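A.B. asks: One file: entry.cif (mmCIF, C-alpha atoms).
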```cif
data_data
#
loop_
_atom_site.group_PDB
_atom_site.id
_atom_site.type_symbol
_atom_site.label_atom_id
_atom_site.label_comp_id
_atom_site.auth_asym_id
_atom_site.auth_seq_id
_atom_site.Cartn_x
_atom_site.Cartn_y
_atom_site.Cartn_z
ATOM 1 C CA MET Z 358 -14.346 7.210 -20.883
ATOM 2 C CA SER Z 359 -12.040 5.342 -23.273
ATOM 3 C CA LYS Z 360 -11.904 1.570 -23.141
ATOM 4 C CA GLU Z 361 -8.205 1.833 -22.336
ATOM 5 C CA ALA Z 362 -8.950 3.516 -19.020
ATOM 6 C CA THR Z 363 -9.009 1.405 -15.874
ATOM 7 C CA VAL Z 364 -9.526 1.985 -12.183
ATOM 8 C CA LEU Z 365 -5.751 2.345 -11.851
ATOM 9 C CA PHE Z 366 -5.019 4.999 -14.459
ATOM 10 C CA ASP Z 367 -6.692 7.233 -17.011
ATOM 11 C CA ALA Z 368 -6.506 6.579 -20.711
ATOM 12 C CA PRO Z 369 -3.453 8.326 -22.228
ATOM 13 C CA GLY Z 370 -4.074 11.372 -24.383
ATOM 14 C CA PRO Z 371 -2.499 12.126 -27.780
ATOM 15 C CA ARG Z 372 0.726 13.554 -26.302
ATOM 16 C CA ALA Z 373 1.091 10.661 -23.879
ATOM 17 C CA ARG Z 374 0.565 8.114 -26.670
ATOM 18 C CA ARG Z 375 3.225 9.799 -28.796
ATOM 19 C CA ARG Z 376 5.611 9.886 -25.843
ATOM 20 C CA ASN Z 377 4.974 6.206 -25.069
ATOM 21 C CA ALA Z 378 5.521 5.269 -28.709
ATOM 22 C CA LEU Z 379 8.806 7.207 -28.778
ATOM 23 C CA LEU Z 380 10.022 5.563 -25.560
ATOM 24 C CA THR Z 381 9.091 2.133 -26.939
ATOM 25 C CA VAL Z 382 11.075 2.733 -30.131
ATOM 26 C CA LEU Z 383 14.092 4.044 -28.196
ATOM 27 C CA SER Z 384 14.004 1.091 -25.814
ATOM 28 C CA ALA Z 385 13.799 -1.358 -28.723
ATOM 29 C CA LEU Z 386 16.733 0.335 -30.465
ATOM 30 C CA LEU Z 387 18.768 0.248 -27.242
ATOM 31 C CA LEU Z 388 18.018 -3.448 -26.756
ATOM 32 C CA LEU Z 389 18.936 -4.233 -30.367
ATOM 33 C CA GLY Z 390 22.155 -2.260 -29.915
ATOM 34 C CA LEU Z 391 23.109 -4.289 -26.860
ATOM 35 C CA VAL Z 392 22.342 -7.528 -28.706
ATOM 36 C CA ALA Z 393 24.485 -6.369 -31.658
ATOM 37 C CA VAL Z 394 27.401 -5.494 -29.357
ATOM 38 C CA ALA Z 395 27.156 -8.857 -27.596
ATOM 39 C CA ALA Z 396 26.963 -10.696 -30.939
ATOM 40 C CA LYS Z 397 30.041 -8.857 -32.192
ATOM 41 C CA ARG Z 398 31.998 -9.754 -29.046
ATOM 42 C CA PHE Z 399 30.906 -13.378 -29.398
ATOM 43 C CA ASN Z 400 32.009 -13.399 -33.027
ATOM 44 C CA ASP Z 401 35.382 -11.805 -32.222
ATOM 45 C CA GLN Z 402 36.058 -14.538 -29.665
ATOM 46 C CA GLY Z 403 34.996 -17.323 -32.007
ATOM 47 C CA GLN Z 404 31.883 -18.290 -30.051
ATOM 48 C CA PHE Z 405 29.866 -18.732 -33.258
ATOM 49 C CA ALA Z 406 32.235 -21.367 -34.581
ATOM 50 C CA GLY Z 407 30.340 -24.350 -35.948
ATOM 51 C CA HIS Z 408 32.166 -27.008 -33.922
ATOM 52 C CA LEU Z 409 30.913 -25.428 -30.684
ATOM 53 C CA TRP Z 410 27.253 -25.689 -31.708
ATOM 54 C CA THR Z 411 27.213 -28.933 -33.699
ATOM 55 C CA PRO Z 412 27.132 -31.163 -30.561
ATOM 56 C CA PHE Z 413 23.565 -29.980 -30.001
ATOM 57 C CA LEU Z 414 22.627 -31.227 -33.448
ATOM 58 C CA LYS Z 415 23.698 -34.777 -32.608
ATOM 59 C CA ALA Z 416 21.041 -37.251 -31.563
ATOM 60 C CA ASP Z 417 23.257 -39.092 -29.069
ATOM 61 C CA VAL Z 418 23.885 -35.865 -27.098
ATOM 62 C CA TRP Z 419 20.152 -35.371 -26.672
ATOM 63 C CA VAL Z 420 19.294 -39.018 -26.072
ATOM 64 C CA ASN Z 421 22.120 -39.765 -23.629
ATOM 65 C CA LEU Z 422 22.517 -36.438 -21.811
ATOM 66 C CA ILE Z 423 20.007 -33.640 -22.308
ATOM 67 C CA LEU Z 424 16.732 -35.582 -22.503
ATOM 68 C CA PRO Z 425 17.493 -37.784 -19.451
ATOM 69 C CA GLY Z 426 18.432 -34.625 -17.550
ATOM 70 C CA LEU Z 427 15.224 -32.943 -18.694
ATOM 71 C CA TRP Z 428 13.213 -35.977 -17.563
ATOM 72 C CA ASN Z 429 14.854 -35.891 -14.125
ATOM 73 C CA THR Z 430 14.099 -32.163 -13.850
ATOM 74 C CA LEU Z 431 10.452 -32.610 -14.792
ATOM 75 C CA LYS Z 432 10.099 -35.655 -12.517
ATOM 76 C CA ALA Z 433 11.483 -33.841 -9.463
ATOM 77 C CA ALA Z 434 9.455 -30.716 -10.261
ATOM 78 C CA ALA Z 435 6.209 -32.646 -10.753
ATOM 79 C CA VAL Z 436 6.503 -34.656 -7.530
ATOM 80 C CA ALA Z 437 7.657 -31.637 -5.517
ATOM 81 C CA SER Z 438 4.891 -29.425 -6.956
ATOM 82 C CA VAL Z 439 2.117 -31.813 -5.913
ATOM 83 C CA LEU Z 440 3.549 -32.320 -2.428
ATOM 84 C CA ALA Z 441 4.316 -28.610 -1.985
ATOM 85 C CA ILE Z 442 0.743 -27.638 -2.885
ATOM 86 C CA LEU Z 443 -0.602 -30.206 -0.408
ATOM 87 C CA PHE Z 444 1.825 -28.924 2.225
ATOM 88 C CA GLY Z 445 0.799 -25.349 1.511
ATOM 89 C CA VAL Z 446 -2.944 -26.065 1.678
ATOM 90 C CA VAL Z 447 -2.678 -28.054 4.939
ATOM 91 C CA PHE Z 448 -0.432 -25.598 6.771
ATOM 92 C CA GLY Z 449 -2.062 -22.522 5.245
ATOM 93 C CA LEU Z 450 -5.477 -23.601 6.491
ATOM 94 C CA ALA Z 451 -3.953 -24.684 9.807
ATOM 95 C CA ARG Z 452 -2.699 -21.128 10.297
ATOM 96 C CA LEU Z 453 -6.301 -19.958 9.927
ATOM 97 C CA SER Z 454 -7.565 -22.323 12.626
ATOM 98 C CA ASP Z 455 -9.449 -20.945 15.612
ATOM 99 C CA HIS Z 456 -7.503 -23.323 17.865
ATOM 100 C CA SER Z 457 -4.144 -21.981 19.038
ATOM 101 C CA TRP Z 458 -2.731 -25.481 19.512
ATOM 102 C CA ILE Z 459 -3.061 -25.932 15.737
ATOM 103 C CA ARG Z 460 -2.409 -22.370 14.575
ATOM 104 C CA VAL Z 461 0.794 -21.698 16.555
ATOM 105 C CA PRO Z 462 2.741 -24.899 15.650
ATOM 106 C CA ALA Z 463 1.703 -24.537 12.005
ATOM 107 C CA GLY Z 464 2.963 -20.958 11.977
ATOM 108 C CA ALA Z 465 6.251 -22.018 13.557
ATOM 109 C CA VAL Z 466 6.786 -24.739 10.925
ATOM 110 C CA VAL Z 467 6.009 -22.380 8.057
ATOM 111 C CA GLU Z 468 8.217 -19.558 9.309
ATOM 112 C CA PHE Z 469 11.094 -21.953 10.124
ATOM 113 C CA PHE Z 470 11.321 -23.623 6.725
ATOM 114 C CA ARG Z 471 10.623 -20.384 4.850
ATOM 115 C CA ALA Z 472 13.598 -18.747 6.566
ATOM 116 C CA ILE Z 473 16.135 -21.485 5.741
ATOM 117 C CA PRO Z 474 17.850 -21.303 2.315
ATOM 118 C CA LEU Z 475 16.776 -24.073 -0.018
ATOM 119 C CA LEU Z 476 20.340 -25.256 -0.576
ATOM 120 C CA ILE Z 477 20.770 -25.889 3.155
ATOM 121 C CA LEU Z 478 17.544 -27.898 3.236
ATOM 122 C CA ILE Z 479 18.813 -30.067 0.389
ATOM 123 C CA PHE Z 480 22.129 -30.618 2.168
ATOM 124 C CA LEU Z 481 20.376 -31.496 5.427
ATOM 125 C CA ALA Z 482 18.075 -33.959 3.695
ATOM 126 C CA TYR Z 483 20.982 -35.627 1.910
ATOM 127 C CA PHE Z 484 23.571 -35.899 4.707
ATOM 128 C CA VAL Z 485 21.809 -35.789 8.101
ATOM 129 C CA PRO Z 486 19.730 -39.033 7.903
ATOM 130 C CA ASN Z 487 22.869 -41.008 7.095
ATOM 131 C CA LYS Z 488 24.533 -39.662 10.263
ATOM 132 C CA VAL Z 489 21.702 -39.910 12.779
ATOM 133 C CA SER Z 490 19.950 -43.070 11.560
ATOM 134 C CA LEU Z 491 22.350 -45.400 13.402
ATOM 135 C CA VAL Z 492 21.641 -43.581 16.670
ATOM 136 C CA ILE Z 493 17.898 -43.818 16.067
ATOM 137 C CA ALA Z 494 18.209 -47.517 15.166
ATOM 138 C CA GLU Z 495 19.556 -48.267 18.645
ATOM 139 C CA SER Z 496 16.783 -46.277 20.352
ATOM 140 C CA PRO Z 497 13.122 -47.226 20.941
ATOM 141 C CA PHE Z 498 12.303 -45.444 17.653
ATOM 142 C CA GLY Z 499 14.417 -47.850 15.589
ATOM 143 C CA THR Z 500 11.453 -49.993 14.549
ATOM 144 C CA PHE Z 501 9.442 -46.909 13.590
ATOM 145 C CA GLN Z 502 12.345 -45.651 11.450
ATOM 146 C CA ARG Z 503 12.634 -48.953 9.614
ATOM 147 C CA VAL Z 504 8.870 -49.199 9.032
ATOM 148 C CA MET Z 505 8.701 -45.645 7.676
ATOM 149 C CA VAL Z 506 11.583 -46.207 5.256
ATOM 150 C CA ASP Z 507 10.230 -49.573 4.088
ATOM 151 C CA SER Z 508 6.654 -48.316 3.642
ATOM 152 C CA VAL Z 509 7.122 -44.730 2.399
ATOM 153 C CA GLY Z 510 10.777 -43.901 1.833
ATOM 154 C CA TRP Z 511 11.349 -46.496 -0.884
ATOM 155 C CA ILE Z 512 9.030 -44.527 -3.192
ATOM 156 C CA PHE Z 513 11.638 -41.750 -3.301
ATOM 157 C CA GLY Z 514 14.657 -44.042 -3.379
ATOM 158 C CA VAL Z 515 15.427 -43.946 0.364
ATOM 159 C CA GLU Z 516 17.026 -47.165 1.597
ATOM 160 C CA ILE Z 517 17.910 -48.611 4.994
ATOM 161 C CA ASN Z 518 20.654 -51.164 5.564
ATOM 162 C CA ALA Z 519 21.620 -52.410 9.034
ATOM 163 C CA GLY Z 520 19.897 -49.395 10.540
ATOM 164 C CA GLN Z 521 21.674 -46.833 8.351
ATOM 165 C CA VAL Z 522 19.440 -44.732 6.112
ATOM 166 C CA THR Z 523 20.699 -43.677 2.687
ATOM 167 C CA VAL Z 524 18.834 -40.826 1.001
ATOM 168 C CA SER Z 525 18.943 -40.631 -2.786
ATOM 169 C CA ALA Z 526 19.721 -37.357 -4.533
ATOM 170 C CA PHE Z 527 16.192 -37.323 -5.946
ATOM 171 C CA ALA Z 528 14.646 -37.630 -2.475
ATOM 172 C CA ALA Z 529 16.876 -34.877 -1.060
ATOM 173 C CA VAL Z 530 15.984 -32.474 -3.872
ATOM 174 C CA VAL Z 531 12.251 -33.191 -3.542
ATOM 175 C CA PHE Z 532 12.421 -32.879 0.259
ATOM 176 C CA GLY Z 533 14.071 -29.468 0.091
ATOM 177 C CA LEU Z 534 11.736 -28.186 -2.625
ATOM 178 C CA VAL Z 535 8.627 -29.332 -0.767
ATOM 179 C CA LEU Z 536 9.551 -27.792 2.580
ATOM 180 C CA TYR Z 537 10.705 -24.453 1.191
ATOM 181 C CA ASN Z 538 8.128 -23.889 -1.546
ATOM 182 C CA GLY Z 539 5.353 -25.480 0.521
ATOM 183 C CA SER Z 540 5.996 -22.943 3.269
ATOM 184 C CA VAL Z 541 5.732 -20.097 0.770
ATOM 185 C CA LEU Z 542 2.535 -21.566 -0.678
ATOM 186 C CA ALA Z 543 1.106 -21.851 2.833
ATOM 187 C CA GLU Z 544 1.397 -18.076 3.131
ATOM 188 C CA VAL Z 545 -0.192 -17.707 -0.309
ATOM 189 C CA VAL Z 546 -3.155 -19.832 0.787
ATOM 190 C CA ARG Z 547 -3.548 -17.919 4.045
ATOM 191 C CA ALA Z 548 -3.388 -14.551 2.270
ATOM 192 C CA GLY Z 549 -5.762 -15.732 -0.472
ATOM 193 C CA VAL Z 550 -8.429 -16.832 1.979
ATOM 194 C CA ASN Z 551 -8.040 -13.644 4.031
ATOM 195 C CA SER Z 552 -8.474 -11.558 0.878
ATOM 196 C CA ILE Z 553 -12.085 -12.710 0.477
ATOM 197 C CA PRO Z 554 -14.504 -10.114 1.925
ATOM 198 C CA LYS Z 555 -15.702 -11.031 5.414
ATOM 199 C CA GLY Z 556 -19.280 -10.666 4.283
ATOM 200 C CA GLN Z 557 -18.934 -13.909 2.312
ATOM 201 C CA ALA Z 558 -18.157 -15.914 5.446
ATOM 202 C CA GLU Z 559 -20.796 -14.088 7.495
ATOM 203 C CA ALA Z 560 -23.448 -14.863 4.892
ATOM 204 C CA ALA Z 561 -22.426 -18.531 4.877
ATOM 205 C CA TYR Z 562 -22.589 -18.720 8.673
ATOM 206 C CA SER Z 563 -26.016 -17.061 8.611
ATOM 207 C CA ILE Z 564 -27.501 -19.936 6.586
ATOM 208 C CA GLY Z 565 -26.197 -22.499 9.068
ATOM 209 C CA LEU Z 566 -22.885 -23.651 7.584
ATOM 210 C CA ARG Z 567 -20.122 -24.679 9.939
ATOM 211 C CA LYS Z 568 -16.558 -23.408 9.486
ATOM 212 C CA ASN Z 569 -15.558 -26.506 7.512
ATOM 213 C CA GLY Z 570 -18.376 -25.908 5.046
ATOM 214 C CA VAL Z 571 -17.711 -22.178 4.878
ATOM 215 C CA MET Z 572 -14.071 -22.799 4.042
ATOM 216 C CA ARG Z 573 -14.711 -25.642 1.597
ATOM 217 C CA LEU Z 574 -17.792 -24.337 -0.202
ATOM 218 C CA VAL Z 575 -17.467 -20.544 -0.050
ATOM 219 C CA LEU Z 576 -13.994 -19.207 0.707
ATOM 220 C CA LEU Z 577 -11.614 -21.647 -1.010
ATOM 221 C CA PRO Z 578 -13.408 -21.695 -4.411
ATOM 222 C CA GLN Z 579 -13.149 -17.891 -4.550
ATOM 223 C CA ALA Z 580 -9.636 -17.766 -3.138
ATOM 224 C CA ILE Z 581 -8.285 -20.173 -5.776
ATOM 225 C CA THR Z 582 -8.804 -17.562 -8.493
ATOM 226 C CA VAL Z 583 -7.035 -14.953 -6.384
ATOM 227 C CA MET Z 584 -4.162 -17.299 -5.524
ATOM 228 C CA MET Z 585 -3.592 -18.729 -8.990
ATOM 229 C CA PRO Z 586 -1.004 -16.160 -10.242
ATOM 230 C CA ALA Z 587 1.059 -16.452 -7.054
ATOM 231 C CA ILE Z 588 0.877 -20.259 -7.092
ATOM 232 C CA VAL Z 589 2.013 -20.397 -10.709
ATOM 233 C CA SER Z 590 4.871 -18.001 -10.019
ATOM 234 C CA GLN Z 591 6.032 -20.165 -7.118
ATOM 235 C CA LEU Z 592 5.818 -23.346 -9.217
ATOM 236 C CA VAL Z 593 8.002 -21.678 -11.854
ATOM 237 C CA VAL Z 594 10.505 -20.887 -9.091
ATOM 238 C CA LEU Z 595 10.289 -24.505 -7.917
ATOM 239 C CA LEU Z 596 11.029 -25.785 -11.417
ATOM 240 C CA LYS Z 597 14.100 -23.585 -11.726
ATOM 241 C CA ASP Z 598 15.281 -24.506 -8.220
ATOM 242 C CA THR Z 599 15.621 -28.152 -9.269
ATOM 243 C CA ALA Z 600 18.919 -26.970 -10.800
ATOM 244 C CA LEU Z 601 20.353 -26.847 -7.261
ATOM 245 C CA GLY Z 602 20.330 -30.641 -7.330
ATOM 246 C CA PHE Z 603 23.595 -30.656 -9.257
ATOM 247 C CA ILE Z 604 25.335 -29.748 -5.956
ATOM 248 C CA ILE Z 605 24.657 -33.262 -4.630
ATOM 249 C CA GLY Z 606 25.064 -34.999 -7.991
ATOM 250 C CA TYR Z 607 21.431 -35.190 -9.083
ATOM 251 C CA ALA Z 608 21.504 -35.643 -12.861
ATOM 252 C CA GLU Z 609 18.996 -32.950 -13.789
ATOM 253 C CA LEU Z 610 19.002 -30.695 -16.847
ATOM 254 C CA LEU Z 611 21.682 -28.275 -15.655
ATOM 255 C CA GLN Z 612 23.959 -31.115 -14.542
ATOM 256 C CA ALA Z 613 23.557 -32.958 -17.830
ATOM 257 C CA GLY Z 614 23.521 -30.061 -20.271
ATOM 258 C CA PHE Z 615 25.884 -27.605 -18.600
ATOM 259 C CA LYS Z 616 28.264 -29.825 -16.645
ATOM 260 C CA GLN Z 617 28.624 -32.912 -18.836
ATOM 261 C CA VAL Z 618 28.338 -31.650 -22.410
ATOM 262 C CA PRO Z 619 31.075 -28.920 -22.382
ATOM 263 C CA PRO Z 620 33.950 -31.129 -21.102
ATOM 264 C CA ASN Z 621 33.285 -33.592 -23.913
ATOM 265 C CA PHE Z 622 32.723 -31.114 -26.752
ATOM 266 C CA GLY Z 623 35.335 -28.372 -26.818
ATOM 267 C CA ASN Z 624 34.436 -26.670 -23.528
ATOM 268 C CA ASN Z 625 31.429 -24.931 -25.117
ATOM 269 C CA LEU Z 626 30.078 -23.536 -21.839
ATOM 270 C CA ILE Z 627 28.322 -20.514 -23.364
ATOM 271 C CA GLN Z 628 26.590 -22.584 -26.024
ATOM 272 C CA ALA Z 629 25.481 -25.178 -23.477
ATOM 273 C CA GLY Z 630 24.194 -22.452 -21.180
ATOM 274 C CA ILE Z 631 22.178 -20.869 -23.994
ATOM 275 C CA VAL Z 632 20.592 -24.198 -24.980
ATOM 276 C CA VAL Z 633 19.740 -25.102 -21.378
ATOM 277 C CA ALA Z 634 18.303 -21.605 -20.771
ATOM 278 C CA ILE Z 635 16.088 -21.895 -23.865
ATOM 279 C CA ILE Z 636 14.738 -25.229 -22.607
ATOM 280 C CA TYR Z 637 13.968 -23.758 -19.185
ATOM 281 C CA ILE Z 638 12.264 -20.729 -20.775
ATOM 282 C CA ALA Z 639 10.133 -22.968 -23.013
ATOM 283 C CA ILE Z 640 8.994 -25.119 -20.072
ATOM 284 C CA ASN Z 641 8.113 -22.097 -17.955
ATOM 285 C CA MET Z 642 6.207 -20.480 -20.820
ATOM 286 C CA VAL Z 643 4.143 -23.646 -21.275
ATOM 287 C CA LEU Z 644 3.472 -23.790 -17.525
ATOM 288 C CA SER Z 645 2.421 -20.134 -17.438
ATOM 289 C CA SER Z 646 0.186 -20.574 -20.498
ATOM 290 C CA VAL Z 647 -1.610 -23.552 -18.960
ATOM 291 C CA ALA Z 648 -2.060 -21.687 -15.688
ATOM 292 C CA ASN Z 649 -3.453 -18.601 -17.442
ATOM 293 C CA ARG Z 650 -5.918 -20.775 -19.311
ATOM 294 C CA LEU Z 651 -7.052 -22.407 -16.071
ATOM 295 C CA GLU Z 652 -7.411 -18.986 -14.451
ATOM 296 C CA ARG Z 653 -9.557 -17.669 -17.316
ATOM 297 C CA ARG Z 654 -11.746 -20.758 -17.176
ATOM 298 C CA SER Z 655 -12.092 -20.415 -13.411
ATOM 299 C CA ARG Z 656 -13.106 -16.766 -13.722
ATOM 300 C CA GLY Z 657 -15.535 -17.515 -16.554
ATOM 301 C CA SER Z 658 -17.269 -20.279 -14.609
ATOM 302 C CA ARG Z 659 -18.163 -17.792 -11.848
ATOM 303 C CA ARG Z 660 -19.806 -15.218 -14.093
ATOM 304 C CA THR Z 661 -23.535 -14.856 -13.634
ATOM 305 C CA ALA Z 662 -25.933 -15.196 -16.511
ATOM 306 C CA ALA Z 663 -28.601 -13.028 -14.852
ATOM 307 C CA LYS Z 664 -29.978 -10.101 -16.824
ATOM 308 C CA THR Z 665 -29.276 -6.635 -15.559
ATOM 309 C CA MET Z 666 -32.049 -4.105 -15.062
ATOM 310 C CA GLY Z 667 -32.600 -1.677 -17.894
ATOM 311 C CA ALA Z 668 -33.778 -3.874 -20.736
ATOM 312 C CA GLY Z 669 -36.200 -6.718 -21.202
ATOM 313 C CA THR Z 670 -38.329 -8.220 -18.460
ATOM 314 C CA GLY Z 671 -38.072 -6.461 -15.171
ATOM 315 C CA ALA Z 672 -36.920 -3.119 -16.620
ATOM 316 C CA PRO Z 673 -37.821 -0.029 -14.601
ATOM 317 C CA PRO Z 674 -40.540 2.264 -15.996
ATOM 318 C CA ALA Z 675 -39.554 5.141 -18.240
ATOM 319 C CA ALA Z 676 -38.785 8.428 -16.500
ATOM 320 C CA GLY Z 677 -41.736 10.286 -18.038
ATOM 321 C CA MET Z 678 -44.382 7.611 -17.400
ATOM 322 C CA SER Z 679 -46.724 8.507 -14.576
ATOM 323 C CA VAL Z 680 -48.245 6.146 -12.085
ATOM 324 C CA ALA Z 681 -51.638 6.760 -13.612
ATOM 325 C CA GLY Z 682 -50.307 5.935 -17.042
ATOM 326 C CA GLN Z 683 -48.895 2.690 -15.766
ATOM 327 C CA SER Z 684 -52.107 1.684 -14.085
ATOM 328 C CA GLY Z 685 -54.123 2.667 -17.172
ATOM 329 C CA SER Z 686 -51.960 0.537 -19.411
ATOM 330 C CA VAL Z 687 -52.535 -2.412 -17.145
#
```
Spit out the file's structure as structure tokens when you get a sec.

C.D. replies:
Amino acid sequence: MSKEATVLFDAPGPRARRRNALLTVLSALLLLGLVAVAAKRFNDQGQFAGHLWTPFLKADVWVNLILPGLWNTLKAAAVASVLAILFGVVFGLARLSDHSWIRVPAGAVVEFFRAIPLLILIFLAYFVPNKVSLVIAESPFGTFQRVMVDSVGWIFGVEINAGQVTVSAFAAVVFGLVLYNGSVLAEVVRAGVNSIPKGQAEAAYSIGLRKNGVMRLVLLPQAITVMMPAIVSQLVVLLKDTALGFIIGYAELLQAGFKQVPPNFGNNLIQAGIVVAIIYIAINMVLSSVANRLERRSRGSRRTAAKTMGAGTGAPPAAGMSVAGQSGSV
């Protein structure tokens, strides 16, 4: 069988290869035609005029607007990614618990936050604490609220003044990203662990491991390789979803590059959108490349170095060799 064949499909024959090559050429020509038509329309409307693109060649535009916005995007994405993965691991494993008092509440939390649109979560995180904090301050939980904000909330820019909690735009964006994407990652973790053959767990139990050891030493190391593509895809989604922060005034890349640059430089919305899109694409390509490298390394570390039967020591006897011949040679 040809090396191109896999368990999913047979290797294409000569006619199929010619047909695939023809379809590839036609698709490329169609794509180039669409690009040419779009470029012509842009040129007819003056969108290639130099004064619309020159702002992105100025250092002050990058230093004062685009780079600070990019930093805010990466900062929110990095913090939210770490917390979302932790959220996903904790609640994903909780959904696999044998105890219903752990499994059922964890499932309810995951399904609840996965069903709510991310934008609503960001709005709730930004506006609700400011409204309900005064009521909580006058209740028996007022001291607990103040201690939590002073000990944990300040890390994300959350402040409390006379019992009223003020949530920063950064904290609201991170909160929404963590709850939504963490709930999705929880399902990824649960599905990844369940995808491991049951024989792996049964073998681990047979040598005396408890469930904690089975999960930590046997199932999770194998499930990580299975889950890696889905986790990376969700982190790419998380990075792009930071753009929703502009709704509450968070100065991320879209807010800085697409909302602040055009009003000051000839209303070049299309040019700003293209530049911002290129930056997002570059970041996501780097993230995907790093993840693919980690996945290949993870797969390579699990390959066995044992020799297979058929050559060298331990090879089976030749088909024509008799038992007597074997004993005589010994």

A.B. asks: Figure out the distance between atom CA of Val524 of chain Z and atom CA of Pro486 of chain Z, please, to one decimal in Å.

C.D. replies: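 Computed distance, atom CA of Pro486 of chain Z to atom CA of Val524 of chain Z, equals 7.2 Å.
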
A.B. asks: Go through Z:Ala482, Z:Ala385, Z:Ala494, Z:Val447 and flag the residue nearest Ile459 of chain Z, using all atoms listed in the file for the distances.

C.D. replies: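 Among Z:Ala482, Z:Ala385, Z:Ala494, Z:Val447, it is Z:Val447 that comes nearest to Ile459 of chain Z.
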
A.B. asks: Expanded to explicit residues, what is the PyMOL selection byres ((chain Z and resi 581) around 10) for this file, as a VMD selection string?

C.D. replies: chain Z and resid 546 549 to 550 576 to 580 582 to 586 588 652 655 to 656

A.B. asks: Choose the residue, out of Z:Gly514, Z:Ala561, Z:Arg471, Z:Ala434, that has the smallest atom-to-atom separation from Arg573 of chain Z; count only C-alpha atoms.

C.D. replies: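 Selected residue with least distance to Arg573 of chain Z: Z:Ala561.
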
A.B. asks: Identify all residues satisfying the PyMOL selection byres ((chain Z and resi 629-646) around 8) in the given file; provide them as a list in words.

C.D. replies: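 So the PyMOL selection byres ((chain Z and resi 629-646) around 8), applied here, picks out Val589, Val593, Lys597, Leu610, Leu611, Gly614, Phe615, Val618, Pro619, Asn625, Leu626, Ile627, Gln628, Val647, Ala648, Asn649 and Arg650 of chain Z.
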